[in-house]
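Before any comments, here is the structure.
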Amino acid sequence: MILVTGGAGFIGSNFVLDWLARCDEPVLNLDKLTYAGNLGNLAALADDPRHVFVKGDIGDTGLVAGLLAQHRPRAIVHFAAESHVDRSIHGPADFITTNVDGTFSLLEAARAYWQELDGEFMTAFRFLHVSTDEVYGSLGPDDAPFTEATPYAPNSPYAASKASSDHLVRAWHRTYGLPTLTTHCSNNYGPYQFPEKLIPLVIANARQGKPLPIYGDGGQRRDWLYVADHCAALRRVLAAGRPGETYDIGGGEELPNLALVHTLCAILDARLPKAAGGYAEQIVHVADRPGHDRRYAIDAAKIERELGWTPQESFDSGIRKTVDWYLANAAWVSAVQSGDYLRWVDTNYAARAMHSESV
Ligand code: NAD
Ligand code: TYD
C-alpha cells in the first residue's frame, strides 16, 4: 500500500480518488482534518476497504511510526500542508509547525522505517514530497519560465515554509540516502478546491451575488494546471522518477488574474444567466496582497522528456469542467462555507477597501 498525507484536502483527495479508480493498491490516508480537510471529498470511498483513513497529525511521531510499522507502505506521498498564501500572511506559525516541523517529523519517521526494510523493499521505497513553484519567487515579464535549476527565492511565509521543507527533503536524501522525489507544481484548479482560493472563491461569490475581489490591478500571472493532470504527473514521478531528483510540473497556460476572472464570468453568464446584467459587474479591485508575486510560469520539459508526462486538459476545457462541477455541487460549497470559513472571509477582506472595476 501507499501512505498519503493530507489526502482529505483538495489535491490529496483528487489523488486518492484517481489512484483507486486506476488500481487496487490500498491507500492509507493520514490527515489532521484542519479547516481545509474534508472527508466529504472522499464520500465515494466510504465503504471501500482499499481506503484506510486515519485522522492525525504528521507531526505526531508515535502515531506515524505506529502506522508505518503496522501497514508497511512501499511509498509515502506527502501532500499535508498549510497551503494558503493569505492565511500565511495573517498567521505564519501554523505554516512553520506543519510544513517545516511536520515534514521534519515525517522524514525522521520515514528514515527510521526505511532503514529497517529488507533489500528489495528498501531499494524500491519512495518518499514523494509535493511542493510548489512558489519556492522560486516571482518572474519578471520577460523572464524564461522556472526550471529545476532556478534558484530558490520564496517571498511569502507559505513559500518560505515549503522551501524549507524542500531543503530538508534534499538533505535527507543526500545525507541518509532516503529515496526522495520532489515536485514543484504550478497553480492547480478543479473539483474540491476550498473556496478561499481564487477560482472557487469567484465561482461561489458570483453565484451568491457577492463582490469578486481582485487584488491590486489583477495583472499578476499564474500558470494554471487542471488537478487531474497534476495527479497523473505525480503517479509518473512515483513510478519512474529518479531518487534525489526534482521535477517541475505546469500547464503552460499563463493568464493574468483579471482575464481569468472575466473568463469565469463569461462561462457563468452562459451557464447560469443573471436576470439582468453580467457577472463581471460584480468585479471589485481591493488592496493588494503584501509581497504579491507578479508572475509564475513553469518549464515542464524535464518531466515531459524523462517521464513522458504532458497535460491532457487545456485551460479552456478544464475551466469549463470546473465551473460545471461547482454549479452541480453547490451543497459541497455551502457545507464548507461555515464557521472557520466565515471568520476567514472577515479577516482577509474586511480591511480591504473595494473599488468597482471601471470598464
Ligand atoms: P489543502 O489546503 O487543500 O489540503 C491540505 C490537507 O492537509 C488538508 O486535508 C489538511 O487537513 C491536511 N493537513 C494540514 N496540516 C496537517 C497536519 N499537520 N497533519 C496531517 N494533515 C494535515 O492543500 P492542497 O491545495 O490540496 O495542496 C496539497 C499540497 O500540494 C500542499 O503541500 C501544497 O503545498 C502543494 N501544492 C498545491 C498547489 C495548489 O495549487 N493548490 C500547487 C502546488 C503544490
Ligand atoms: P490563490 O488562489 O490564493 O493562489 P496563489 O496565491 O497560491 O497563487 O491566488 C491566485 C491569484 O489570485 C494570486 O495572484 C492572488 C489572486 N487573488 C485575488 O486577486 N483575489 C482573491 O480574493 C484571491 C483569494 C486571490
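Going through the C-alpha cells in order, the chains are called A, B, and so on, while each chain numbers its residues from 1 and the ligands are numbered from 1 in the order shown.
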Excluding A:His292 and its own-chain neighbours fewer than 6 positions away, which residues fall within 10 Å of it when counting only C-alpha atoms? Please give them as an mmCIF file with C-alpha atoms, in the first residue's frame.
data_model
loop_
_atom_site.group_PDB
_atom_site.id
_atom_site.type_symbol
_atom_site.label_atom_id
_atom_site.label_comp_id
_atom_site.auth_asym_id
_atom_site.auth_seq_id
_atom_site.Cartn_x
_atom_site.Cartn_y
_atom_site.Cartn_z
ATOM 1 C CA VAL A 85 -0.682 32.330 0.997
ATOM 2 C CA ASP A 86 -3.089 34.882 2.508
ATOM 3 C CA GLY A 137 9.720 33.531 -6.174
ATOM 4 C CA SER A 138 8.440 35.906 -8.829
ATOM 5 C CA ASN A 155 8.540 35.639 -0.919
ATOM 6 C CA SER A 156 5.587 34.626 1.279
ATOM 7 C CA TYR A 215 -6.021 42.060 -5.557
ATOM 8 C CA GLY A 216 -4.344 45.214 -6.890
ATOM 9 C CA GLN A 220 -0.462 39.054 -11.735
#
Where does chain A meet ligand 2 within 9 Å, residue by residue, with the nearest atom pair and distance in Å to one decimal for each, counting only C-alpha atoms and all ligand atoms, listed by chain and rising number, as CSV?
residue,atom,partner,partner_atom_place_in_ligand_line,distance
A:Ser83,CA,ligand 2,7 (O),7.6
A:His84,CA,ligand 2,3 (O),6.0
A:Val85,CA,ligand 2,6 (O),5.3
A:Asp86,CA,ligand 2,3 (O),6.7
A:Thr132,CA,ligand 2,7 (O),8.8
A:Glu134,CA,ligand 2,7 (O),7.4
A:Tyr158,CA,ligand 2,7 (O),8.8
A:Ala159,CA,ligand 2,7 (O),8.9
A:Ser186,CA,ligand 2,8 (O),8.3
A:Asn187,CA,ligand 2,8 (O),6.0
A:Asn188,CA,ligand 2,2 (O),8.5
A:Tyr189,CA,ligand 2,2 (O),8.6
A:Pro195,CA,ligand 2,24 (C),8.4
A:Glu196,CA,ligand 2,24 (C),5.6
A:Lys197,CA,ligand 2,2 (O),3.6
A:Leu198,CA,ligand 2,2 (O),3.9
A:Ile199,CA,ligand 2,2 (O),6.5
A:Pro200,CA,ligand 2,2 (O),8.4
A:Leu201,CA,ligand 2,24 (C),6.8
A:Val202,CA,ligand 2,22 (O),7.6
A:Leu212,CA,ligand 2,22 (O),7.1
A:Pro213,CA,ligand 2,22 (O),4.8
A:Ile214,CA,ligand 2,19 (O),3.7
A:Tyr215,CA,ligand 2,19 (O),3.8
A:Gly216,CA,ligand 2,19 (O),7.1
A:Asp217,CA,ligand 2,19 (O),8.4
A:Gly218,CA,ligand 2,19 (O),6.0
A:Gly219,CA,ligand 2,14 (O),8.3
A:Gln220,CA,ligand 2,14 (O),5.3
A:Arg221,CA,ligand 2,14 (O),6.6
A:Arg222,CA,ligand 2,8 (O),6.5
A:Asp223,CA,ligand 2,8 (O),8.9
A:Pro256,CA,ligand 2,14 (O),8.2
A:Asn257,CA,ligand 2,12 (O),5.7
A:Leu258,CA,ligand 2,19 (O),7.7
A:Val261,CA,ligand 2,19 (O),8.9
A:His285,CA,ligand 2,19 (O),8.1
A:Val286,CA,ligand 2,20 (N),8.0
A:Asp288,CA,ligand 2,19 (O),7.7
A:Arg289,CA,ligand 2,15 (C),7.2
A:His292,CA,ligand 2,14 (O),6.9
A:Asp293,CA,ligand 2,14 (O),6.9
A:Arg294,CA,ligand 2,14 (O),7.1
A:Arg295,CA,ligand 2,14 (O),8.0
A:Tyr296,CA,ligand 2,8 (O),8.2
A:Asn348,CA,ligand 2,22 (O),8.5
A:Tyr349,CA,ligand 2,22 (O),7.9
Selection export as a short mmCIF file (atom, residue, chain, number, x, y, z; two decimals), in the first residue's frame, atoms kept: C-alpha atoms:
data_model
loop_
_atom_site.label_atom_id
_atom_site.label_comp_id
_atom_site.auth_asym_id
_atom_site.auth_seq_id
_atom_site.Cartn_x
_atom_site.Cartn_y
_atom_site.Cartn_z
CA SER A 83 -1.43 25.86 1.70
CA HIS A 84 -3.00 29.32 1.50
CA VAL A 85 -0.68 32.33 1.00
CA ASP A 86 -3.09 34.88 2.51
CA THR A 132 5.13 24.24 -5.25
CA GLU A 134 6.17 29.40 -5.36
CA TYR A 158 3.88 29.92 2.79
CA ALA A 159 6.55 29.76 0.07
CA SER A 186 2.05 25.46 -10.62
CA ASN A 187 -1.43 26.62 -9.52
CA ASN A 188 -4.00 23.81 -9.57
CA TYR A 189 -7.72 24.14 -10.13
CA PRO A 195 -13.31 28.36 -1.78
CA GLU A 196 -10.61 30.58 -0.25
CA LYS A 197 -8.53 30.13 -3.44
CA LEU A 198 -9.21 32.40 -6.40
CA ILE A 199 -11.17 30.16 -8.81
CA PRO A 200 -13.66 28.51 -6.41
CA LEU A 201 -13.99 31.79 -4.48
CA VAL A 202 -15.00 33.67 -7.63
CA LEU A 212 -15.44 39.27 -6.92
CA PRO A 213 -12.25 40.60 -5.26
CA ILE A 214 -9.23 41.29 -7.47
CA TYR A 215 -6.02 42.06 -5.56
CA GLY A 216 -4.34 45.21 -6.89
CA ASP A 217 -4.54 45.68 -10.66
CA GLY A 218 -5.17 41.97 -11.38
CA GLY A 219 -2.16 41.87 -13.72
CA GLN A 220 -0.46 39.05 -11.73
CA ARG A 221 0.02 35.97 -13.88
CA ARG A 222 -0.35 32.32 -12.86
CA ASP A 223 0.31 29.09 -14.81
CA PRO A 256 -3.43 37.39 -15.72
CA ASN A 257 -5.87 37.14 -12.79
CA LEU A 258 -8.24 39.75 -14.21
CA VAL A 261 -11.94 36.19 -13.65
CA HIS A 285 -10.47 45.83 -7.01
CA VAL A 286 -9.25 45.50 -3.42
CA ASP A 288 -3.12 44.10 -2.96
CA ARG A 289 -1.52 41.16 -1.12
CA HIS A 292 2.44 39.59 -4.03
CA ASP A 293 4.38 37.56 -6.61
CA ARG A 294 3.78 39.09 -10.04
CA ARG A 295 4.31 36.09 -12.26
CA TYR A 296 4.77 32.30 -12.10
CA ASN A 348 -9.00 38.72 4.85
CA TYR A 349 -11.46 41.01 3.11
#
Which residues are near ligand 1 - at most 7 Å, using only C-alpha atoms and all ligand atoms? Format: as a short mmCIF file (atom, residue, chain, number, x, y, z; two decimals) with all heavy atoms, in the first residue's frame.
data_model
loop_
_atom_site.label_atom_id
_atom_site.label_comp_id
_atom_site.auth_asym_id
_atom_site.auth_seq_id
_atom_site.Cartn_x
_atom_site.Cartn_y
_atom_site.Cartn_z
N THR A 5 -0.34 11.56 2.85
CA THR A 5 -0.64 12.54 3.90
C THR A 5 -1.45 13.67 3.28
O THR A 5 -1.23 14.04 2.12
CB THR A 5 0.63 13.12 4.54
OG1 THR A 5 1.26 14.01 3.61
CG2 THR A 5 1.61 12.04 4.98
N GLY A 6 -2.40 14.21 4.03
CA GLY A 6 -3.20 15.33 3.50
C GLY A 6 -4.16 14.89 2.41
O GLY A 6 -4.55 15.70 1.56
N GLY A 7 -4.59 13.64 2.49
CA GLY A 7 -5.45 13.09 1.43
C GLY A 7 -6.92 13.48 1.54
O GLY A 7 -7.73 13.00 0.74
N ALA A 8 -7.25 14.36 2.50
CA ALA A 8 -8.63 14.87 2.55
C ALA A 8 -8.70 16.32 2.07
O ALA A 8 -9.75 16.95 2.13
CB ALA A 8 -9.18 14.76 3.98
N GLY A 9 -7.57 16.85 1.61
CA GLY A 9 -7.55 18.21 1.07
C GLY A 9 -7.87 18.21 -0.42
O GLY A 9 -8.29 17.18 -0.98
N PHE A 10 -7.65 19.33 -1.05
CA PHE A 10 -8.01 19.50 -2.46
C PHE A 10 -7.25 18.51 -3.36
O PHE A 10 -7.84 17.59 -3.97
CB PHE A 10 -7.76 20.96 -2.86
CG PHE A 10 -7.67 21.23 -4.33
CD1 PHE A 10 -8.62 20.72 -5.22
CD2 PHE A 10 -6.65 22.02 -4.84
CE1 PHE A 10 -8.53 20.99 -6.59
CE2 PHE A 10 -6.56 22.30 -6.19
CZ PHE A 10 -7.49 21.78 -7.07
N ILE A 11 -5.94 18.64 -3.44
CA ILE A 11 -5.19 17.80 -4.39
C ILE A 11 -5.11 16.37 -3.86
O ILE A 11 -5.25 15.40 -4.62
CB ILE A 11 -3.78 18.37 -4.65
CG1 ILE A 11 -3.88 19.83 -5.11
CG2 ILE A 11 -3.06 17.54 -5.71
CD1 ILE A 11 -2.54 20.53 -5.24
N GLY A 12 -4.90 16.23 -2.54
CA GLY A 12 -4.79 14.89 -1.94
C GLY A 12 -6.02 14.05 -2.20
O GLY A 12 -5.91 12.87 -2.56
N LEU A 30 -3.55 9.68 5.90
CA LEU A 30 -3.35 10.35 7.19
C LEU A 30 -3.61 11.84 7.03
O LEU A 30 -2.88 12.52 6.29
CB LEU A 30 -1.90 10.13 7.68
CG LEU A 30 -1.50 10.91 8.94
CD1 LEU A 30 -2.31 10.49 10.17
CD2 LEU A 30 0.00 10.74 9.22
N ASP A 31 -4.63 12.34 7.71
CA ASP A 31 -4.99 13.76 7.56
C ASP A 31 -5.50 14.28 8.90
O ASP A 31 -6.29 13.62 9.58
CB ASP A 31 -6.07 13.90 6.47
CG ASP A 31 -6.23 15.34 6.01
OD1 ASP A 31 -6.61 16.20 6.84
OD2 ASP A 31 -5.98 15.62 4.82
N LYS A 32 -5.06 15.49 9.23
CA LYS A 32 -5.45 16.10 10.51
C LYS A 32 -6.87 16.66 10.48
O LYS A 32 -7.43 17.00 11.51
CB LYS A 32 -4.44 17.22 10.80
CG LYS A 32 -4.53 17.85 12.15
CD LYS A 32 -3.43 18.92 12.28
CE LYS A 32 -3.56 19.71 13.55
NZ LYS A 32 -2.54 20.78 13.61
N LEU A 33 -7.42 16.78 9.27
CA LEU A 33 -8.74 17.41 9.09
C LEU A 33 -8.74 18.82 9.69
O LEU A 33 -9.53 19.12 10.60
CB LEU A 33 -9.88 16.54 9.64
CG LEU A 33 -10.09 15.20 8.93
CD1 LEU A 33 -11.25 14.43 9.55
CD2 LEU A 33 -10.32 15.39 7.43
N THR A 34 -7.85 19.66 9.19
CA THR A 34 -7.89 21.08 9.51
C THR A 34 -9.10 21.66 8.77
O THR A 34 -9.85 20.92 8.11
CB THR A 34 -6.63 21.81 9.00
OG1 THR A 34 -6.65 21.76 7.57
CG2 THR A 34 -5.35 21.15 9.53
N TYR A 35 -9.26 22.98 8.79
CA TYR A 35 -10.38 23.60 8.07
C TYR A 35 -10.39 23.15 6.60
O TYR A 35 -11.44 23.11 5.96
CB TYR A 35 -10.27 25.14 8.15
CG TYR A 35 -9.22 25.68 7.20
CD1 TYR A 35 -9.57 26.09 5.91
CD2 TYR A 35 -7.87 25.70 7.56
CE1 TYR A 35 -8.61 26.52 5.02
CE2 TYR A 35 -6.91 26.14 6.67
CZ TYR A 35 -7.28 26.54 5.40
OH TYR A 35 -6.34 26.94 4.51
N ALA A 36 -9.19 22.84 6.05
CA ALA A 36 -9.08 22.53 4.61
C ALA A 36 -9.33 21.06 4.29
O ALA A 36 -9.48 20.70 3.13
CB ALA A 36 -7.69 22.93 4.10
N GLY A 37 -9.36 20.22 5.32
CA GLY A 37 -9.55 18.79 5.09
C GLY A 37 -11.03 18.46 5.20
O GLY A 37 -11.73 18.97 6.07
N ASN A 38 -11.51 17.61 4.32
CA ASN A 38 -12.95 17.38 4.26
C ASN A 38 -13.21 15.93 3.84
O ASN A 38 -12.96 15.55 2.69
CB ASN A 38 -13.54 18.35 3.23
CG ASN A 38 -15.05 18.28 3.15
OD1 ASN A 38 -15.66 17.39 3.73
ND2 ASN A 38 -15.64 19.21 2.42
N GLY A 56 -5.14 12.33 11.97
CA GLY A 56 -3.96 12.53 12.81
C GLY A 56 -3.00 13.50 12.16
O GLY A 56 -3.16 13.91 11.01
N ASP A 57 -2.00 13.87 12.96
CA ASP A 57 -1.05 14.93 12.59
C ASP A 57 0.26 14.30 12.10
O ASP A 57 0.79 13.39 12.76
CB ASP A 57 -0.80 15.78 13.85
CG ASP A 57 -0.13 17.09 13.54
OD1 ASP A 57 0.80 17.12 12.70
OD2 ASP A 57 -0.53 18.10 14.15
N ILE A 58 0.79 14.80 10.99
CA ILE A 58 2.08 14.28 10.50
C ILE A 58 3.18 14.51 11.53
O ILE A 58 4.21 13.84 11.51
CB ILE A 58 2.51 14.90 9.15
CG1 ILE A 58 2.50 16.45 9.21
CG2 ILE A 58 1.63 14.39 8.01
CD1 ILE A 58 3.21 17.11 8.06
N GLY A 59 2.97 15.49 12.43
CA GLY A 59 3.97 15.79 13.45
C GLY A 59 3.90 14.87 14.66
O GLY A 59 4.74 14.95 15.55
N HIS A 78 3.47 12.84 0.11
CA HIS A 78 3.30 13.84 1.18
C HIS A 78 2.67 15.14 0.65
O HIS A 78 3.36 15.99 0.10
CB HIS A 78 4.68 14.10 1.80
CG HIS A 78 4.69 15.14 2.86
ND1 HIS A 78 3.66 15.35 3.74
CD2 HIS A 78 5.66 16.06 3.20
CE1 HIS A 78 3.96 16.35 4.55
NE2 HIS A 78 5.16 16.80 4.24
N PHE A 79 1.34 15.24 0.84
CA PHE A 79 0.61 16.46 0.46
C PHE A 79 0.37 17.37 1.67
O PHE A 79 0.15 18.57 1.48
CB PHE A 79 -0.79 16.11 -0.07
CG PHE A 79 -0.84 15.36 -1.37
CD1 PHE A 79 -0.97 13.98 -1.39
CD2 PHE A 79 -0.78 16.05 -2.58
CE1 PHE A 79 -1.04 13.29 -2.59
CE2 PHE A 79 -0.86 15.36 -3.78
CZ PHE A 79 -0.98 13.98 -3.78
N ALA A 80 0.30 16.80 2.88
CA ALA A 80 -0.20 17.57 4.04
C ALA A 80 0.57 18.86 4.21
O ALA A 80 1.80 18.87 4.26
CB ALA A 80 -0.09 16.72 5.30
N ALA A 81 -0.16 19.96 4.28
CA ALA A 81 0.48 21.27 4.44
C ALA A 81 -0.59 22.31 4.74
O ALA A 81 -1.78 22.09 4.48
CB ALA A 81 1.21 21.67 3.15
N GLU A 82 -0.17 23.41 5.31
CA GLU A 82 -0.97 24.63 5.26
C GLU A 82 -0.65 25.23 3.90
O GLU A 82 0.53 25.38 3.54
CB GLU A 82 -0.56 25.58 6.39
CG GLU A 82 -0.98 25.11 7.77
CD GLU A 82 -2.50 25.08 7.97
OE1 GLU A 82 -3.20 25.83 7.28
OE2 GLU A 82 -2.97 24.31 8.82
N SER A 83 -1.69 25.60 3.12
CA SER A 83 -1.43 25.86 1.70
C SER A 83 -1.85 27.24 1.20
O SER A 83 -1.63 27.54 0.02
CB SER A 83 -2.14 24.79 0.87
OG SER A 83 -3.55 24.96 0.95
N HIS A 84 -2.45 28.08 2.05
CA HIS A 84 -3.00 29.32 1.50
C HIS A 84 -2.13 30.54 1.85
O HIS A 84 -1.94 30.86 3.04
CB HIS A 84 -4.43 29.52 2.01
CG HIS A 84 -5.15 30.66 1.34
ND1 HIS A 84 -4.97 31.00 0.02
CD2 HIS A 84 -6.04 31.54 1.82
CE1 HIS A 84 -5.73 32.04 -0.29
NE2 HIS A 84 -6.39 32.39 0.80
N THR A 98 3.40 22.89 10.62
CA THR A 98 3.07 21.74 9.75
C THR A 98 4.08 21.57 8.62
O THR A 98 4.61 20.48 8.40
CB THR A 98 1.64 21.89 9.20
OG1 THR A 98 0.72 21.58 10.27
CG2 THR A 98 1.37 20.93 8.05
N GLY A 102 6.52 19.59 10.72
CA GLY A 102 5.76 18.37 10.39
C GLY A 102 6.51 17.55 9.35
O GLY A 102 6.58 16.31 9.45
N VAL A 130 5.40 16.69 -2.20
CA VAL A 130 4.64 17.50 -3.16
C VAL A 130 4.85 18.98 -2.81
O VAL A 130 4.32 19.47 -1.81
CB VAL A 130 3.14 17.14 -3.10
CG1 VAL A 130 2.36 17.95 -4.11
CG2 VAL A 130 2.95 15.63 -3.34
N SER A 131 5.63 19.66 -3.65
CA SER A 131 5.91 21.07 -3.36
C SER A 131 5.36 21.97 -4.47
O SER A 131 4.56 21.53 -5.30
CB SER A 131 7.41 21.28 -3.13
OG SER A 131 7.64 22.57 -2.62
N THR A 132 5.77 23.21 -4.43
CA THR A 132 5.13 24.24 -5.25
C THR A 132 6.16 25.05 -6.03
O THR A 132 7.31 25.18 -5.61
CB THR A 132 4.33 25.19 -4.32
OG1 THR A 132 3.96 26.36 -5.04
CG2 THR A 132 5.15 25.63 -3.12
N ASP A 133 5.70 25.66 -7.12
CA ASP A 133 6.59 26.56 -7.88
C ASP A 133 6.84 27.87 -7.12
O ASP A 133 7.74 28.63 -7.48
CB ASP A 133 6.01 26.85 -9.27
CG ASP A 133 4.63 27.54 -9.25
OD1 ASP A 133 4.03 27.68 -8.17
OD2 ASP A 133 4.16 27.93 -10.35
N LYS A 162 7.48 26.10 2.52
CA LYS A 162 7.61 24.99 1.56
C LYS A 162 9.08 24.86 1.12
O LYS A 162 9.59 23.75 0.96
CB LYS A 162 6.70 25.21 0.35
CG LYS A 162 5.22 25.09 0.63
CD LYS A 162 4.76 23.71 1.09
CE LYS A 162 4.79 22.66 0.01
NZ LYS A 162 4.15 21.38 0.47
N HIS A 184 7.57 20.32 -8.04
CA HIS A 184 7.17 21.73 -7.92
C HIS A 184 6.09 21.98 -8.95
O HIS A 184 6.38 22.03 -10.14
CB HIS A 184 8.35 22.66 -8.21
CG HIS A 184 9.47 22.49 -7.24
ND1 HIS A 184 10.74 22.15 -7.63
CD2 HIS A 184 9.51 22.62 -5.90
CE1 HIS A 184 11.51 22.05 -6.56
NE2 HIS A 184 10.79 22.33 -5.50
N CYS A 185 4.85 22.13 -8.46
CA CYS A 185 3.76 22.30 -9.41
C CYS A 185 3.24 23.73 -9.38
O CYS A 185 3.31 24.43 -8.37
CB CYS A 185 2.63 21.33 -9.08
SG CYS A 185 1.38 21.25 -10.38
N SER A 186 2.67 24.13 -10.51
CA SER A 186 2.05 25.46 -10.62
C SER A 186 0.65 25.42 -10.00
O SER A 186 0.24 24.40 -9.45
CB SER A 186 1.99 25.85 -12.10
OG SER A 186 1.18 24.92 -12.80
N ASN A 187 -0.09 26.52 -10.13
CA ASN A 187 -1.43 26.62 -9.52
C ASN A 187 -2.38 25.57 -10.08
O ASN A 187 -2.57 25.49 -11.29
CB ASN A 187 -2.03 28.00 -9.80
CG ASN A 187 -1.41 29.08 -8.95
OD1 ASN A 187 -0.21 29.34 -9.05
ND2 ASN A 187 -2.22 29.73 -8.13
N ASN A 188 -2.99 24.82 -9.17
CA ASN A 188 -4.00 23.81 -9.57
C ASN A 188 -5.39 24.40 -9.49
O ASN A 188 -5.65 25.31 -8.71
CB ASN A 188 -3.96 22.63 -8.60
CG ASN A 188 -2.80 21.68 -8.82
OD1 ASN A 188 -2.93 20.48 -8.62
ND2 ASN A 188 -1.65 22.19 -9.25
N TYR A 189 -6.30 23.81 -10.27
CA TYR A 189 -7.72 24.14 -10.13
C TYR A 189 -8.52 22.89 -10.47
O TYR A 189 -8.00 21.97 -11.11
CB TYR A 189 -8.12 25.32 -11.05
CG TYR A 189 -8.04 24.97 -12.52
CD1 TYR A 189 -9.18 24.60 -13.22
CD2 TYR A 189 -6.82 24.98 -13.18
CE1 TYR A 189 -9.11 24.25 -14.57
CE2 TYR A 189 -6.74 24.62 -14.52
CZ TYR A 189 -7.89 24.26 -15.20
OH TYR A 189 -7.81 23.88 -16.52
N GLN A 193 -11.69 22.14 -4.51
CA GLN A 193 -10.75 23.15 -4.02
C GLN A 193 -11.48 24.07 -3.05
O GLN A 193 -12.58 24.56 -3.33
CB GLN A 193 -10.15 23.96 -5.17
CG GLN A 193 -9.04 24.90 -4.70
CD GLN A 193 -8.22 25.50 -5.83
OE1 GLN A 193 -8.74 25.69 -6.95
NE2 GLN A 193 -6.96 25.80 -5.57
N PHE A 194 -10.87 24.32 -1.91
CA PHE A 194 -11.51 25.10 -0.86
C PHE A 194 -11.76 26.53 -1.37
O PHE A 194 -10.84 27.15 -1.94
CB PHE A 194 -10.60 25.13 0.38
CG PHE A 194 -11.32 25.56 1.62
CD1 PHE A 194 -12.18 24.69 2.28
CD2 PHE A 194 -11.16 26.83 2.14
CE1 PHE A 194 -12.86 25.09 3.43
CE2 PHE A 194 -11.82 27.23 3.28
CZ PHE A 194 -12.68 26.36 3.93
#
Assign secondary structure with DSSP using the backbone only, and return the residues of stretch 135-241 of chain A in helix (DSSP H, G or I) as a VMD selection string.
-> chain A and resid 135 to 136 157 to 176 198 to 207 227 to 240
Which parts of stretch 209-320 of chain A does DSSP call strand (DSSP E or B) when run on the backbone here, written out as a PyMOL selection string?
-> chain A and resi 212-215+221-226+246-249+254-256+283-286+295+298
Work out how far atom CA of A:Pro73 is from atom CA of A:Ile2, in Å to one decimal.
-> 4.8 Å
Which residue of A:Met354, A:Arg87, A:Tyr226, A:Asp118 approaches A:Lys210 most closely, using only C-alpha atoms |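 With only C-alpha atoms as the atom set, the closest residue is A:Met354.
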Which residues, written as a PyMOL selection string, have at least one atom at most 8 Å from A:Ala228, with only C-alpha atoms counted and residues fewer than 6 positions away on the same chain left out?
-> chain A and resi 14-15+18+190
Based on the selection just made, write all heavy atoms of those residues as a PDB file, in the first residue's frame.
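The file below, part29.pdb, is the result:
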ATOM      1  N   ASN A  14      -8.262  14.417  -4.624  1.00  0.00           N
ATOM      2  CA  ASN A  14      -8.293  14.088  -6.063  1.00  0.00           C
ATOM      3  C   ASN A  14      -7.322  12.957  -6.376  1.00  0.00           C
ATOM      4  O   ASN A  14      -7.621  12.051  -7.166  1.00  0.00           O
ATOM      5  CB  ASN A  14      -7.947  15.328  -6.901  1.00  0.00           C
ATOM      6  CG  ASN A  14      -9.150  16.217  -7.163  1.00  0.00           C
ATOM      7  OD1 ASN A  14      -9.978  15.917  -8.024  1.00  0.00           O
ATOM      8  ND2 ASN A  14      -9.284  17.299  -6.406  1.00  0.00           N
ATOM      9  N   PHE A  15      -6.130  13.006  -5.724  1.00  0.00           N
ATOM     10  CA  PHE A  15      -5.119  11.981  -5.972  1.00  0.00           C
ATOM     11  C   PHE A  15      -5.614  10.611  -5.507  1.00  0.00           C
ATOM     12  O   PHE A  15      -5.493   9.610  -6.220  1.00  0.00           O
ATOM     13  CB  PHE A  15      -3.813  12.344  -5.246  1.00  0.00           C
ATOM     14  CG  PHE A  15      -2.714  11.351  -5.445  1.00  0.00           C
ATOM     15  CD1 PHE A  15      -1.888  11.409  -6.567  1.00  0.00           C
ATOM     16  CD2 PHE A  15      -2.503  10.325  -4.525  1.00  0.00           C
ATOM     17  CE1 PHE A  15      -0.876  10.469  -6.762  1.00  0.00           C
ATOM     18  CE2 PHE A  15      -1.498   9.381  -4.718  1.00  0.00           C
ATOM     19  CZ  PHE A  15      -0.681   9.454  -5.837  1.00  0.00           C
ATOM     20  N   ASP A  18      -8.434   9.331  -7.796  1.00  0.00           N
ATOM     21  CA  ASP A  18      -7.888   8.896  -9.096  1.00  0.00           C
ATOM     22  C   ASP A  18      -7.098   7.593  -8.953  1.00  0.00           C
ATOM     23  O   ASP A  18      -7.158   6.713  -9.815  1.00  0.00           O
ATOM     24  CB  ASP A  18      -6.952   9.968  -9.687  1.00  0.00           C
ATOM     25  CG  ASP A  18      -7.723  11.157 -10.239  1.00  0.00           C
ATOM     26  OD1 ASP A  18      -8.967  11.155 -10.143  1.00  0.00           O
ATOM     27  OD2 ASP A  18      -7.068  12.084 -10.754  1.00  0.00           O
ATOM     28  N   GLY A 190      -9.783  22.837 -10.014  1.00  0.00           N
ATOM     29  CA  GLY A 190     -10.619  21.675 -10.279  1.00  0.00           C
ATOM     30  C   GLY A 190     -11.543  21.406  -9.102  1.00  0.00           C
ATOM     31  O   GLY A 190     -11.664  22.230  -8.198  1.00  0.00           O
TER      32      GLY A 190
END
Which neighbours of A:Trp114 fall inside 10 Å, counting only C-alpha atoms, when residues of the same chain fewer than 2 positions from it are skipped, and could you give them as a PyMOL selection string?
-> chain A and resi 68+72-75+108-112+116-118+121-123+125-127+177-179
Using C-alpha atoms, can you write the selected residues to a file as a CSV table (one decimal), in the first residue's frame?
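out29.csv, written as the output of this step:
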chain,number,residue,atom,x,y,z
A,68,LEU,CA,4.4,2.7,9.2
A,72,ARG,CA,4.3,-1.2,5.8
A,73,PRO,CA,3.7,1.1,2.9
A,74,ARG,CA,6.0,1.0,-0.1
A,75,ALA,CA,5.8,4.8,-0.6
A,108,GLU,CA,12.5,11.1,10.5
A,109,ALA,CA,9.8,8.5,10.9
A,110,ALA,CA,10.2,7.5,7.2
A,111,ARG,CA,14.0,7.2,7.7
A,112,ALA,CA,13.7,5.0,10.8
A,116,GLU,CA,14.9,-1.4,8.7
A,117,LEU,CA,13.5,-2.6,5.4
A,118,ASP,CA,14.9,-5.6,3.6
A,121,PHE,CA,11.8,-3.4,-0.4
A,122,MET,CA,14.3,-0.8,0.8
A,123,THR,CA,15.5,-0.1,-2.7
A,125,PHE,CA,10.8,2.6,-1.2
A,126,ARG,CA,10.0,6.2,-2.2
A,127,PHE,CA,9.2,9.5,-0.3
A,177,GLY,CA,20.2,8.2,1.2
A,178,LEU,CA,16.4,8.2,1.7
A,179,PRO,CA,15.0,7.7,-1.8
